[in-house]
>>> print(open('target-v5.csv').read())   # CSV, C-alpha atoms
chain,number,residue,atom,x,y,z
S,843,MET,CA,42.9,-9.0,27.3
S,844,ASN,CA,40.9,-10.4,30.2
S,845,ALA,CA,38.1,-12.4,28.8
S,846,ARG,CA,36.7,-13.8,32.1
S,847,PRO,CA,33.0,-13.1,32.6
S,848,GLY,CA,32.8,-10.0,34.7
S,849,GLY,CA,36.3,-9.1,33.8
S,850,ARG,CA,37.3,-5.8,32.1
S,851,THR,CA,36.5,-7.0,28.6
S,852,ALA,CA,33.0,-8.1,29.6
S,853,ARG,CA,32.4,-4.8,31.4
S,854,VAL,CA,33.5,-2.8,28.4
S,855,ARG,CA,31.3,-4.9,26.2
S,856,ALA,CA,28.3,-4.5,28.5
S,857,ALA,CA,28.8,-0.7,28.7
S,858,VAL,CA,29.2,-0.3,24.9
S,859,LEU,CA,26.2,-2.4,24.1
S,860,GLU,CA,24.0,-0.6,26.6
S,861,ALA,CA,25.2,2.7,25.1
S,862,THR,CA,24.4,1.3,21.7
S,863,TYR,CA,20.8,0.6,22.7
S,864,GLU,CA,20.5,4.0,24.4
S,865,GLU,CA,21.8,5.8,21.3
S,866,LEU,CA,19.4,3.8,19.1
S,867,ALA,CA,16.5,4.8,21.4
S,868,GLU,CA,17.4,8.5,21.1
S,869,HIS,CA,18.7,8.9,17.5
S,870,GLY,CA,17.6,5.8,15.6
S,871,TRP,CA,19.7,3.7,13.3
S,872,SER,CA,20.6,6.6,11.0
S,873,GLY,CA,21.9,8.6,13.9
S,874,LEU,CA,24.1,5.9,15.4
S,875,THR,CA,27.8,6.8,15.5
S,876,ILE,CA,30.8,5.0,17.0
S,877,GLU,CA,31.9,8.3,18.6
S,878,ASN,CA,28.6,8.9,20.5
S,879,VAL,CA,28.5,5.3,21.6
S,880,ALA,CA,32.1,5.5,23.0
S,881,THR,CA,31.4,8.8,24.8
S,882,ARG,CA,28.2,7.4,26.3
S,883,ALA,CA,29.9,4.2,27.4
S,884,GLY,CA,32.9,6.1,28.9
S,885,VAL,CA,35.5,4.3,26.7
S,886,HIS,CA,37.9,5.5,24.1
S,887,LYS,CA,36.6,5.5,20.6
S,888,THR,CA,39.6,3.5,19.4
S,889,THR,CA,38.4,0.7,21.8
S,890,VAL,CA,35.1,0.6,20.0
S,891,TYR,CA,36.6,0.8,16.5
S,892,ARG,CA,39.0,-2.0,17.3
S,893,ARG,CA,36.4,-4.4,18.6
S,894,TRP,CA,33.3,-3.5,16.6
S,895,ALA,CA,34.7,-1.5,13.6
S,896,THR,CA,31.3,-0.3,12.4
S,897,THR,CA,27.8,0.7,13.6
S,898,ASP,CA,26.4,-2.5,12.1
S,899,GLY,CA,29.0,-4.4,14.0
S,900,LEU,CA,27.6,-2.8,17.2
S,901,ILE,CA,24.0,-3.8,16.2
S,902,ALA,CA,25.1,-7.3,15.4
S,903,ASP,CA,26.8,-7.8,18.7
S,904,ALA,CA,23.9,-6.1,20.6
S,905,LEU,CA,21.5,-8.6,19.0
S,906,ALA,CA,23.8,-11.5,19.8
S,907,ALA,CA,24.0,-10.4,23.4
S,908,THR,CA,20.2,-10.0,23.7
S,909,ALA,CA,19.6,-13.4,22.0
S,910,ALA,CA,21.8,-15.0,24.6
S,911,ASP,CA,19.7,-13.6,27.4
S,912,THR,CA,17.2,-16.0,29.0
S,913,TRP,CA,13.7,-15.1,27.7
S,914,PRO,CA,11.2,-16.2,30.2
S,915,MET,CA,8.4,-18.2,28.5
S,916,PRO,CA,4.7,-18.0,29.6
S,917,ASP,CA,3.2,-21.2,31.2
S,918,THR,CA,-0.5,-20.6,31.4
S,919,GLY,CA,-1.5,-24.2,31.2
S,920,SER,CA,-2.7,-24.1,27.6
S,921,LEU,CA,-0.9,-23.6,24.3
S,922,GLU,CA,-3.4,-21.0,23.1
S,923,GLY,CA,-3.0,-19.1,26.4
S,924,ASP,CA,0.8,-19.2,26.1
S,925,LEU,CA,0.7,-17.9,22.5
S,926,ILE,CA,-1.6,-15.1,23.6
S,927,GLU,CA,1.0,-14.1,26.3
S,928,LEU,CA,3.8,-14.4,23.7
S,929,ALA,CA,1.9,-12.0,21.4
S,930,ARG,CA,1.2,-9.6,24.3
S,931,GLU,CA,4.9,-9.6,25.2
S,932,ILE,CA,5.8,-8.5,21.7
S,933,VAL,CA,3.3,-5.6,22.0
S,934,ARG,CA,4.8,-4.7,25.4
S,935,GLY,CA,8.4,-5.0,24.0
S,936,THR,CA,7.9,-2.7,21.1
S,937,SER,CA,10.2,0.4,21.4
S,938,PRO,CA,12.2,2.9,19.3
S,939,VAL,CA,15.2,0.6,19.8
S,940,PHE,CA,13.3,-2.3,18.4
S,941,GLU,CA,12.3,-0.3,15.4
S,942,ALA,CA,15.9,1.0,14.9
S,943,VAL,CA,17.3,-2.5,14.8
S,944,ILE,CA,14.7,-3.6,12.2
S,945,ALA,CA,15.5,-0.5,10.2
S,946,ALA,CA,19.2,-1.4,10.2
S,947,GLY,CA,18.3,-4.6,8.3
S,948,PHE,CA,17.3,-2.4,5.3
S,949,GLN,CA,20.8,-0.9,5.0
S,950,SER,CA,23.2,-3.5,6.2
S,951,ALA,CA,23.8,-7.1,5.2
S,952,ARG,CA,25.5,-7.7,8.6
S,953,ALA,CA,22.5,-6.4,10.4
S,954,ARG,CA,20.3,-8.7,8.3
S,955,ASP,CA,22.5,-11.7,9.3
S,956,ALA,CA,22.3,-10.7,12.9
S,957,LEU,CA,18.5,-10.3,12.7
S,958,ARG,CA,18.2,-13.8,11.2
S,959,ASP,CA,20.3,-15.3,13.9
S,960,PHE,CA,18.4,-13.4,16.6
S,961,TYR,CA,15.0,-14.5,15.4
S,962,THR,CA,16.2,-18.1,14.9
S,963,ARG,CA,17.2,-18.1,18.5
S,964,ARG,CA,14.0,-16.5,19.7
S,965,HIS,CA,11.9,-19.0,17.7
S,966,GLU,CA,13.8,-21.8,19.2
S,967,GLN,CA,13.3,-20.4,22.7
S,968,ALA,CA,9.6,-20.0,22.2
S,969,ALA,CA,9.2,-23.5,20.7
S,970,VAL,CA,9.1,-24.9,24.3
S,971,VAL,CA,5.4,-23.7,24.7
S,972,VAL,CA,4.5,-25.5,21.5
S,973,VAL,CA,6.3,-28.7,22.5
S,974,ARG,CA,4.3,-28.7,25.8
S,975,GLY,CA,1.1,-28.2,23.9
S,976,ILE,CA,1.9,-31.1,21.6
S,977,GLY,CA,2.5,-33.1,24.8
S,978,ARG,CA,-0.9,-32.2,26.1
S,979,GLY,CA,-2.5,-33.2,22.7
S,980,GLU,CA,-3.6,-29.6,21.9
S,981,VAL,CA,-2.1,-29.6,18.4
S,982,PRO,CA,-1.0,-32.5,16.2
S,983,ALA,CA,2.3,-34.2,17.0
S,984,GLY,CA,4.0,-33.1,13.8
S,985,THR,CA,3.3,-29.4,14.2
S,986,SER,CA,6.3,-27.2,13.6
S,987,PRO,CA,7.0,-25.3,16.8
S,988,GLU,CA,9.0,-22.5,15.0
S,989,GLU,CA,6.3,-22.0,12.4
S,990,LEU,CA,3.6,-21.7,15.0
S,991,VAL,CA,5.6,-19.1,16.8
S,992,ARG,CA,6.2,-17.2,13.5
S,993,LEU,CA,2.5,-17.2,12.7
S,994,THR,CA,1.7,-15.8,16.2
S,995,CYS,CA,4.2,-12.9,15.8
S,996,ALA,CA,3.9,-12.1,12.1
S,997,PRO,CA,0.6,-10.2,12.1
S,998,LEU,CA,1.9,-7.8,14.8
S,999,PHE,CA,5.1,-7.1,12.9
S,1000,TYR,CA,3.1,-6.7,9.7
S,1001,ARG,CA,1.0,-3.9,11.2
S,1002,TYR,CA,3.9,-2.3,13.1
S,1003,PHE,CA,6.5,-2.0,10.3
S,1004,ILE,CA,4.8,-2.7,6.9
S,1005,THR,CA,1.2,-1.5,6.9
S,1006,ARG,CA,1.8,1.0,9.8
S,1007,GLU,CA,-1.7,0.1,11.3
S,1008,PRO,CA,-2.4,0.3,15.0
S,1009,VAL,CA,-1.8,-2.7,17.3
S,1010,ASP,CA,-3.7,-3.3,20.5
S,1011,ASP,CA,-4.4,-6.2,22.8
S,1012,ALA,CA,-7.3,-7.4,20.6
S,1013,VAL,CA,-4.9,-7.7,17.7
S,1014,ALA,CA,-2.4,-9.7,19.8
S,1015,VAL,CA,-5.1,-12.0,21.0
S,1016,ARG,CA,-6.5,-12.6,17.6
S,1017,SER,CA,-3.1,-13.2,16.0
S,1018,ALA,CA,-2.4,-15.9,18.7
S,1019,ARG,CA,-5.8,-17.5,18.3
S,1020,ALA,CA,-5.5,-17.6,14.5
S,1021,ALA,CA,-2.1,-19.2,14.7
S,1022,PHE,CA,-3.3,-21.8,17.2
S,1023,ALA,CA,-6.4,-22.6,15.1
S,1024,ALA,CA,-4.3,-23.2,12.0
S,1025,ALA,CA,-2.0,-25.5,14.0
S,1026,ALA,CA,-5.0,-27.3,15.5
S,1027,ALA,CA,-6.3,-27.8,12.0
S,1028,GLY,CA,-3.1,-29.6,11.1
S,1029,VAL,CA,-1.8,-27.0,8.6
S,1030,LEU,CA,1.6,-26.6,10.3
S,1031,CYS,CA,2.6,-30.3,10.1
I,178,MET,CA,-1.8,23.8,-15.7
I,179,ASN,CA,-3.5,21.2,-17.8
I,180,ALA,CA,-5.0,18.7,-15.4
I,181,ARG,CA,-6.8,16.6,-18.0
I,182,PRO,CA,-6.0,12.9,-17.8
I,183,GLY,CA,-3.4,12.4,-20.5
I,184,GLY,CA,-2.5,16.1,-20.5
I,185,ARG,CA,0.9,17.6,-19.7
I,186,THR,CA,0.4,17.5,-15.9
I,187,ALA,CA,-0.5,13.8,-16.0
I,188,ARG,CA,2.4,13.0,-18.3
I,189,VAL,CA,4.9,14.8,-16.1
I,190,ARG,CA,3.5,13.0,-13.0
I,191,ALA,CA,3.8,9.6,-14.8
I,192,ALA,CA,7.4,10.3,-15.8
I,193,VAL,CA,8.4,11.5,-12.4
I,194,LEU,CA,6.8,8.6,-10.5
I,195,GLU,CA,8.3,6.1,-13.0
I,196,ALA,CA,11.7,7.8,-12.5
I,197,THR,CA,11.2,7.6,-8.7
I,198,TYR,CA,10.6,3.8,-8.9
I,199,GLU,CA,13.7,3.4,-11.1
I,200,GLU,CA,15.9,5.4,-8.8
I,201,LEU,CA,14.6,3.4,-5.8
I,202,ALA,CA,15.4,0.2,-7.6
I,203,GLU,CA,19.0,1.4,-8.3
I,204,HIS,CA,19.8,3.4,-5.2
I,205,GLY,CA,17.3,2.5,-2.5
I,206,TRP,CA,15.5,4.9,-0.2
I,207,SER,CA,18.7,6.4,1.3
I,208,GLY,CA,20.0,7.2,-2.3
I,209,LEU,CA,16.8,8.9,-3.6
I,210,THR,CA,17.3,12.6,-4.5
I,211,ILE,CA,15.0,15.1,-6.2
I,212,GLU,CA,17.8,16.0,-8.6
I,213,ASN,CA,18.3,12.5,-9.9
I,214,VAL,CA,14.6,11.9,-10.3
I,215,ALA,CA,14.2,15.1,-12.3
I,216,THR,CA,17.1,14.2,-14.5
I,217,ARG,CA,15.8,10.7,-15.2
I,218,ALA,CA,12.3,12.0,-15.8
I,219,GLY,CA,13.6,14.7,-18.2
I,220,VAL,CA,11.9,17.5,-16.3
I,221,HIS,CA,13.4,20.5,-14.5
I,222,LYS,CA,14.1,20.0,-10.9
I,223,THR,CA,12.1,23.0,-9.8
I,224,THR,CA,9.1,21.3,-11.3
I,225,VAL,CA,9.7,18.3,-9.0
I,226,TYR,CA,10.4,20.5,-6.0
I,227,ARG,CA,7.2,22.6,-6.6
I,228,ARG,CA,4.9,19.6,-6.9
I,229,TRP,CA,6.5,17.0,-4.5
I,230,ALA,CA,8.8,19.1,-2.3
I,231,THR,CA,10.6,16.2,-0.7
I,232,THR,CA,11.7,12.6,-1.5
I,233,ASP,CA,9.0,11.3,0.9
I,234,GLY,CA,6.5,13.4,-1.1
I,235,LEU,CA,7.6,11.4,-4.1
I,236,ILE,CA,7.2,8.1,-2.3
I,237,ALA,CA,3.8,9.1,-1.0
I,238,ASP,CA,2.5,10.0,-4.5
I,239,ALA,CA,4.1,6.9,-6.1
I,240,LEU,CA,2.3,4.7,-3.6
I,241,ALA,CA,-1.0,6.6,-4.1
I,242,ALA,CA,-0.7,6.1,-7.9
I,243,THR,CA,0.1,2.4,-7.5
I,244,ALA,CA,-2.8,1.9,-5.1
I,245,ALA,CA,-5.2,3.5,-7.6
I,246,ASP,CA,-4.1,0.9,-10.2
I,247,THR,CA,-6.4,-2.0,-10.8
I,248,TRP,CA,-5.0,-5.1,-9.0
I,249,PRO,CA,-6.3,-8.1,-10.8
I,250,MET,CA,-7.6,-10.6,-8.2
I,251,PRO,CA,-7.3,-14.4,-8.7
I,252,ASP,CA,-10.5,-16.4,-9.2
I,253,THR,CA,-9.6,-20.0,-8.8
I,254,GLY,CA,-13.0,-21.1,-7.7
I,255,SER,CA,-12.1,-21.6,-4.0
I,256,LEU,CA,-11.1,-19.1,-1.3
I,257,GLU,CA,-8.1,-21.2,-0.2
I,258,GLY,CA,-6.9,-21.3,-3.8
I,259,ASP,CA,-7.4,-17.6,-4.2
I,260,LEU,CA,-5.5,-16.9,-1.0
I,261,ILE,CA,-2.6,-19.1,-2.2
I,262,GLU,CA,-2.5,-17.2,-5.5
I,263,LEU,CA,-2.5,-13.9,-3.6
I,264,ALA,CA,0.4,-15.1,-1.4
I,265,ARG,CA,2.3,-16.2,-4.6
I,266,GLU,CA,1.8,-12.8,-6.1
I,267,ILE,CA,3.4,-11.2,-3.1
I,268,VAL,CA,6.4,-13.5,-3.6
I,269,ARG,CA,6.6,-12.7,-7.3
I,270,GLY,CA,6.2,-8.9,-6.7
I,271,THR,CA,9.0,-8.6,-4.2
I,272,SER,CA,11.7,-6.3,-5.6
I,273,PRO,CA,14.3,-3.7,-4.5
I,274,VAL,CA,11.7,-1.0,-5.1
I,275,PHE,CA,9.3,-2.7,-2.7
I,276,GLU,CA,12.0,-3.0,-0.1
I,277,ALA,CA,12.9,0.7,-0.5
I,278,VAL,CA,9.4,1.8,0.0
I,279,ILE,CA,9.1,-0.2,3.2
I,280,ALA,CA,12.4,1.2,4.3
I,281,ALA,CA,11.2,4.7,3.8
I,282,GLY,CA,8.5,4.1,6.5
I,283,PHE,CA,11.3,3.8,9.1
I,284,GLN,CA,12.4,7.4,8.5
I,285,SER,CA,9.4,9.4,7.4
I,286,ALA,CA,6.0,10.0,8.9
I,287,ARG,CA,4.7,10.9,5.5
I,288,ALA,CA,5.9,7.6,4.1
I,289,ARG,CA,4.3,5.8,7.0
I,290,ASP,CA,0.9,7.5,6.3
I,291,ALA,CA,1.3,6.6,2.6
I,292,LEU,CA,2.0,3.0,3.4
I,293,ARG,CA,-1.0,2.8,5.7
I,294,ASP,CA,-3.2,4.2,2.9
I,295,PHE,CA,-1.7,1.9,0.3
I,296,TYR,CA,-2.2,-1.2,2.3
I,297,THR,CA,-5.7,-0.2,3.4
I,298,ARG,CA,-6.6,0.1,-0.3
I,299,ARG,CA,-4.8,-3.2,-1.1
I,300,HIS,CA,-6.7,-5.0,1.7
I,301,GLU,CA,-10.0,-3.6,0.4
I,302,GLN,CA,-9.2,-4.7,-3.1
I,303,ALA,CA,-8.3,-8.2,-2.0
I,304,ALA,CA,-11.4,-8.5,0.2
I,305,VAL,CA,-13.4,-9.5,-2.9
I,306,VAL,CA,-12.0,-13.0,-2.8
I,307,VAL,CA,-13.1,-13.4,0.8
I,308,VAL,CA,-16.5,-12.1,0.1
I,309,ARG,CA,-16.9,-14.7,-2.7
I,310,GLY,CA,-15.7,-17.4,-0.3
I,311,ILE,CA,-18.3,-16.3,2.3
I,312,GLY,CA,-20.9,-16.5,-0.5
I,313,ARG,CA,-19.9,-20.1,-1.2
I,314,GLY,CA,-20.0,-20.9,2.5
I,315,GLU,CA,-16.3,-21.7,2.8
I,316,VAL,CA,-15.8,-19.5,5.8
I,317,PRO,CA,-18.3,-18.1,8.4
I,318,ALA,CA,-20.4,-15.1,7.3
I,319,GLY,CA,-18.9,-12.8,9.9
I,320,THR,CA,-15.3,-13.3,8.8
I,321,SER,CA,-13.4,-10.1,8.4
I,322,PRO,CA,-12.1,-10.0,4.8
I,323,GLU,CA,-9.3,-7.5,5.5
I,324,GLU,CA,-8.1,-9.6,8.5
I,325,LEU,CA,-8.0,-12.7,6.4
I,326,VAL,CA,-6.0,-10.9,3.8
I,327,ARG,CA,-3.6,-9.6,6.4
I,328,LEU,CA,-3.0,-13.0,7.9
I,329,THR,CA,-2.3,-14.4,4.4
I,330,CYS,CA,0.4,-11.8,3.7
I,331,ALA,CA,1.9,-11.2,7.2
I,332,PRO,CA,4.1,-14.3,7.4
I,333,LEU,CA,5.8,-13.5,4.1
I,334,PHE,CA,6.6,-9.9,5.1
I,335,TYR,CA,7.8,-11.2,8.5
I,336,ARG,CA,10.4,-13.4,6.8
I,337,TYR,CA,11.3,-10.8,4.2
I,338,PHE,CA,11.8,-7.7,6.3
I,339,ILE,CA,12.0,-8.8,10.0
I,340,THR,CA,13.6,-12.2,10.5
I,341,ARG,CA,15.3,-12.1,7.0
I,342,GLU,CA,14.5,-15.7,6.5
I,343,PRO,CA,14.1,-17.2,3.0
I,344,VAL,CA,10.7,-17.3,1.3
I,345,ASP,CA,9.7,-19.8,-1.3
I,346,ASP,CA,6.5,-21.2,-2.8
I,347,ALA,CA,6.0,-23.6,0.1
I,348,VAL,CA,6.1,-20.7,2.5
I,349,ALA,CA,3.5,-18.8,0.4
I,350,VAL,CA,1.2,-21.9,0.2
I,351,ARG,CA,1.5,-22.6,4.0
I,352,SER,CA,0.8,-18.9,4.9
I,353,ALA,CA,-2.4,-18.9,2.8
I,354,ARG,CA,-3.5,-22.3,4.1
I,355,ALA,CA,-3.0,-21.3,7.7
I,356,ALA,CA,-4.9,-18.1,7.3
I,357,PHE,CA,-7.8,-19.9,5.6
I,358,ALA,CA,-7.8,-22.6,8.4
I,359,ALA,CA,-8.0,-19.8,11.0
I,360,ALA,CA,-10.9,-18.2,9.2
I,361,ALA,CA,-12.7,-21.5,8.7
I,362,ALA,CA,-12.4,-22.2,12.4
I,363,GLY,CA,-14.3,-18.9,13.0
I,364,VAL,CA,-11.4,-17.0,14.7
I,365,LEU,CA,-11.7,-14.0,12.3
I,366,CYS,CA,-15.3,-13.2,13.1
>>> encode(input="target-v5.csv", output="structure tokens")
Amino acid sequence: MNARPGGRTARVRAAVLEATYEELAEHGWSGLTIENVATRAGVHKTTVYRRWATTDGLIADALAATAADTWPMPDTGSLEGDLIELAREIVRGTSPVFEAVIAAGFQSARARDALRDFYTRRHEQAAVVVVRGIGRGEVPAGTSPEELVRLTCAPLFYRYFITREPVDDAVAVRSARAAFAAAAAGVLC
Amino acid sequence: MNARPGGRTARVRAAVLEATYEELAEHGWSGLTIENVATRAGVHKTTVYRRWATTDGLIADALAATAADTWPMPDTGSLEGDLIELAREIVRGTSPVFEAVIAAGFQSARARDALRDFYTRRHEQAAVVVVRGIGRGEVPAGTSPEELVRLTCAPLFYRYFITREPVDDAVAVRSARAAFAAAAAGVLC
């Protein structure tokens, strides 16, 4: 196998993972099949079976690939402003694919592990905005960056996937402001 | 049909909804069938089909019945203390049934509507602790009770069902304290 970046193996992986996301967008987690992914990616299904084995293997690898992508962080000049932009990006990024990946976590231990790894990485990436805010003295030095990121995101996910309530820009802004206020009060140290 | 409380219709409903929860606990949302619920409840399956029609009909009615139950609210003497107890109760109440009901929301519009109604009712019920806290001057008068309850609960659900991270008592306490601090800072007005 050619494992060079940009080599055949990398091209097959990119095609299969893109096909996985497209199939998830159209048919959701419960409609995901190895056969349809292979057909859409233009590869033989034995190739997909050999490398990914199962549909939750596909989800796990797709999440790993997405987590490895660079996630551009806002830099508005204030921590509260950055958290607001972070929350807004979650609202913008919500999609049927996103919902399908969260749904997979309810039926597959492998998907749950992949989700945990994915969000660990995302929280680490977003921590940079909190570290800058600590440097500017906006929140106490001992503030947990990951926990502040979690509190910014959690109310949006709660509405989307638990209470099924609407989410709009006001909800995003309020979530970020509430998380920032808690951190500024020293609760996240 | 006898629709008196405690009459045959009420007894059948109670038996069917209890069987629904037991089946969800054992087999999850994807393993829920009308036939198994009927067998477990000791009623004929046509009775279940006639009244509930589908498995998401069962979930919707089970959630409606649970929402109508009285939910005893903590009364520790402080709003922050009450919110901590509320968060702890969510941690105590987590179960395979609970996860199955949230999972149903990913595959059924009817389950989503039932979840929205259920949480609307839960937020209303929990609002009493915030109203008392406003009365004691612990948070500003304009604080949204429902929003404070949402912020208390959201970080727990985020870990349980989205990021699949562990939840312990420290997480419950921190979620409640963070939500209270945001409210005290006036962000939820």
>>> residues_around(input="target-v5.csv", residues="region 854-863 of chain S", least_positions_apart="6", cutoff="6 Å", atoms="all atoms listed in the file", output="ChimeraX atom specification")
/S:879,882-883,904
>>> atom_distance(input="target-v5.csv", atom1="CA of Thr918 (chain S)", atom2="CA of Asp1010 (chain S)")
20.7 Å
>>> closest_residue(input="target-v5.csv", among="S:Ser950, S:Val939, S:Ala929, S:Ser872", to="chain I", atoms="all atoms listed in the file")
S:Ser872
>>> residues_around(input="target-v5.csv", residues="Asp238 (chain I)", least_positions_apart="5", cutoff="9 Å", atoms="all atoms listed in the file", output="short mmCIF file (atom, residue, chain, number, x, y, z; two decimals) with C-alpha atoms, in the coordinates of the input")
data_model
loop_
_atom_site.label_atom_id
_atom_site.label_comp_id
_atom_site.auth_asym_id
_atom_site.auth_seq_id
_atom_site.Cartn_x
_atom_site.Cartn_y
_atom_site.Cartn_z
CA LEU I 194 6.80 8.60 -10.50
CA TRP I 229 6.50 17.00 -4.50
CA ASP I 233 9.00 11.30 0.90
CA THR I 243 0.10 2.40 -7.50
CA ALA I 291 1.30 6.60 2.60
#
>>> residues_around(input="target-v5.csv", residues="Ala1026 (chain S)", least_positions_apart="3", cutoff="8 Å", atoms="only C-alpha atoms", output="PDB file with C-alpha atoms, in the frame of the given file")
ATOM      1  CA  GLU S 980      -3.600 -29.600  21.900  1.00  0.00           C
ATOM      2  CA  VAL S 981      -2.100 -29.600  18.400  1.00  0.00           C
ATOM      3  CA  PRO S 982      -1.000 -32.500  16.200  1.00  0.00           C
ATOM      4  CA  PHE S1022      -3.300 -21.800  17.200  1.00  0.00           C
ATOM      5  CA  ALA S1023      -6.400 -22.600  15.100  1.00  0.00           C
ATOM      6  CA  VAL S1029      -1.800 -27.000   8.600  1.00  0.00           C
TER       7      VAL S1029
END
>>> build_atoms(input="target-v5.csv", residues="region 998-1011 of chain S", atoms="N, CA and C atoms", output="short mmCIF file (atom, residue, chain, number, x, y, z; two decimals), in the frame of the given file")
data_model
loop_
_atom_site.label_atom_id
_atom_site.label_comp_id
_atom_site.auth_asym_id
_atom_site.auth_seq_id
_atom_site.Cartn_x
_atom_site.Cartn_y
_atom_site.Cartn_z
N LEU S 998 1.57 -9.03 13.99
CA LEU S 998 1.90 -7.80 14.80
C LEU S 998 2.99 -7.03 14.06
N PHE S 999 4.03 -7.72 13.63
CA PHE S 999 5.10 -7.10 12.90
C PHE S 999 4.58 -6.45 11.59
N TYR S 1000 3.69 -7.15 10.93
CA TYR S 1000 3.10 -6.70 9.70
C TYR S 1000 2.45 -5.30 9.89
N ARG S 1001 1.68 -5.18 10.96
CA ARG S 1001 1.00 -3.90 11.20
C ARG S 1001 2.06 -2.83 11.70
N TYR S 1002 2.98 -3.24 12.57
CA TYR S 1002 3.90 -2.30 13.10
C TYR S 1002 4.81 -1.64 11.98
N PHE S 1003 5.37 -2.50 11.13
CA PHE S 1003 6.50 -2.00 10.30
C PHE S 1003 6.20 -2.06 8.79
N ILE S 1004 5.07 -2.67 8.38
CA ILE S 1004 4.80 -2.70 6.90
C ILE S 1004 3.56 -1.83 6.67
N THR S 1005 2.40 -2.21 7.21
CA THR S 1005 1.20 -1.50 6.90
C THR S 1005 1.00 -0.26 7.82
N ARG S 1006 1.80 -0.18 8.90
CA ARG S 1006 1.80 1.00 9.80
C ARG S 1006 0.36 1.17 10.41
N GLU S 1007 -0.32 0.06 10.65
CA GLU S 1007 -1.70 0.10 11.30
C GLU S 1007 -1.50 -0.03 12.80
N PRO S 1008 -2.48 0.43 13.55
CA PRO S 1008 -2.40 0.30 15.00
C PRO S 1008 -2.41 -1.13 15.50
N VAL S 1009 -1.77 -1.35 16.62
CA VAL S 1009 -1.80 -2.70 17.30
C VAL S 1009 -2.27 -2.49 18.69
N ASP S 1010 -3.21 -3.33 19.09
CA ASP S 1010 -3.70 -3.30 20.50
C ASP S 1010 -3.82 -4.70 21.01
N ASP S 1011 -4.32 -4.82 22.20
CA ASP S 1011 -4.40 -6.20 22.80
C ASP S 1011 -5.30 -7.09 21.98
#
